[in-house]
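Presented below is the structure to which this report refers.
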Amino acid sequence: SFDSTQYVAEVEEQPFEEYKCEKLLADLFFTYRDGRAVGLLDKSGNVVLEADEYTEITVVSNGILQLSYDKERNAPMQYMKYDSGGNLSDYKHKKFSADSLYTYESQADDSGTDAVYSLMFPDGKNVVSSDGSDKWDSVEKISADSIDTNKAYKGFYKLTKNGGIYYACFDDFYNYDIYEGAYAKVCVKVGGEYGECYLADHDDYNELVKMIDSFGNASYRTAPSKDPGLDFIQITLGLKENTKTEITISSDGYCLTDTIEAAEGEAVNKYFSYLDKEDFADLILWCEQVLAEEYQK
């Protein structure tokens, strides 16, 4: 919801002779230095905030400036609001509280078929996905313990939509990032080269599962190879489900299907099968066409 790089730009050419500007904030203000202190100018060069007590000013959310004192002063951050006209006003920052967000249910979406949910801020705005939608199949507040991240988020919600699983992560200023969860892990070894990645697209995951389900069983032919350098692909399915299955297929067609984590009441299965070698080739081709394109990192 907020990308700081879109609000803060380095000044490459000085716009005014009498001031040394450092940054352009929100395309409204120039920061300038006077000794260690920093102040603000408007785009016409008029002083909006004198450089006398703050040592750093930056944009922390759309419409909010954070002003920092010298560290030796050991004083708390100050905040100001700004509008599109460049007018400043004092702002009392309230730290993020998940209790200030609430979920409401609509009995039917635009097509009139299913109930949908929205996650709403106190000002009435909703959490919006990258496709512009603010409607979800479910919304659930979750704890920080259920999220594996090094980023300093303050609150987390699990959202689902059309079978996809997403996580809305909020910072202290109610800015949020939405991440899609990982549905599978794919490990591939071909020609002595090894690589692995997580599958973080629900459509790709469905395509992969359908491909595996379509594989038939071939008749037993030869004993499995003892070559430790044999090509293989290993796929862990159901990372966001209660039951996780690991499928390992060698280039000679041998396949081990193993339940590595079972939901309560579900059977733990482990079995071997023999697939056509073309099935292995199809999976490797799928990795080249989908994984290499969609998951370059």
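Ordering of the structure tokens sets the chain letters (A, B, ...); residue numbers start at 1 within each chain; ligands are numbered from 1 in the order shown.
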
Among the residues of range 189-243 of chain A, find those DSSP assigns to helix (DSSP H, G or I) from the backbone and print them as a count of residues only. 13

In Å and to one decimal, CA of Tyr174 in chain A is distant from CA of Glu105 in chain A by 21.4 Å

For this session: May I have the residues within 9 Å of Met211 in chain A as an NGL selection string, using only C-alpha atoms and disregarding those fewer than 3 positions away in the same chain?
Result: :A and (206-208 or 214-215 or 279 or 282-283)

Give me the residues within 12 Å of Asp34 in chain A as a ChimeraX atom specification, counting only C-alpha atoms and dropping any in the same chain fewer than 6 places off. /A:18-22,40,49-56

Next, the residues of the selection above should be written as a PDB file, in the first residue's frame with C-alpha atoms.
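Dumped to selection-v5.pdb:
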```pdb
ATOM      1  CA  GLU A  18      20.587  29.761  -1.669  1.00  0.00           C
ATOM      2  CA  TYR A  19      19.799  26.263  -0.344  1.00  0.00           C
ATOM      3  CA  LYS A  20      21.486  22.897  -0.577  1.00  0.00           C
ATOM      4  CA  CYS A  21      18.654  20.432  -1.153  1.00  0.00           C
ATOM      5  CA  GLU A  22      19.055  16.717  -0.461  1.00  0.00           C
ATOM      6  CA  LEU A  40      11.619  21.792   4.316  1.00  0.00           C
ATOM      7  CA  LEU A  49       9.702  24.238   8.029  1.00  0.00           C
ATOM      8  CA  GLU A  50      12.804  25.926   9.418  1.00  0.00           C
ATOM      9  CA  ALA A  51      15.999  23.878   9.768  1.00  0.00           C
ATOM     10  CA  ASP A  52      16.573  24.324  13.476  1.00  0.00           C
ATOM     11  CA  GLU A  53      15.806  21.226  15.573  1.00  0.00           C
ATOM     12  CA  TYR A  54      15.256  18.174  13.386  1.00  0.00           C
ATOM     13  CA  THR A  55      18.118  16.175  11.877  1.00  0.00           C
ATOM     14  CA  GLU A  56      16.131  13.883   9.569  1.00  0.00           C
TER      15      GLU A  56
END
```

Would you tabulate, counting only C-alpha atoms, all residues of range 66-120 of chain A that have an atom at most 9 Å from an atom of range 137-159 of chain A, showing the closest pair of atoms and their distance in Å to one decimal, sorted by chain then ascending number, as a Markdown table?
```
| residue | atom | partner | partner_atom | distance |
| --- | --- | --- | --- | --- |
| A:Phe96 | CA | A:Lys154 | CA | 6.7 |
| A:Ser97 | CA | A:Gly155 | CA | 7.6 |
| A:Ala98 | CA | A:Gly155 | CA | 6.2 |
| A:Thr103 | CA | A:Val139 | CA | 7.0 |
| A:Asp114 | CA | A:Asp137 | CA | 8.3 |
| A:Ala115 | CA | A:Asp137 | CA | 7.2 |
| A:Val116 | CA | A:Asp137 | CA | 5.1 |
| A:Tyr117 | CA | A:Ser138 | CA | 5.9 |
| A:Ser118 | CA | A:Val139 | CA | 7.3 |
| A:Leu119 | CA | A:Val139 | CA | 7.1 |
```

Using only C-alpha atoms, which residues sit within 8 Å of Asp90 in chain A once same-chain residues fewer than 2 positions away are excluded, as a short mmCIF file (atom, residue, chain, number, x, y, z; two decimals) with N, CA and C atoms, in the first residue's frame?
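Listing of out_10.cif after writing:
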```
data_model
loop_
_atom_site.label_atom_id
_atom_site.label_comp_id
_atom_site.auth_asym_id
_atom_site.auth_seq_id
_atom_site.Cartn_x
_atom_site.Cartn_y
_atom_site.Cartn_z
N TYR A 79 5.72 13.81 14.31
CA TYR A 79 5.04 13.50 13.05
C TYR A 79 4.20 14.69 12.59
N MET A 80 4.09 14.83 11.28
CA MET A 80 3.24 15.86 10.68
C MET A 80 2.47 15.26 9.52
N LYS A 81 1.26 15.79 9.33
CA LYS A 81 0.47 15.40 8.17
C LYS A 81 0.66 16.44 7.08
N LEU A 88 1.06 21.66 5.97
CA LEU A 88 1.48 20.82 7.08
C LEU A 88 0.63 21.07 8.31
N LYS A 92 -0.62 13.34 15.71
CA LYS A 92 -0.30 12.48 16.83
C LYS A 92 -0.37 11.04 16.37
#
```
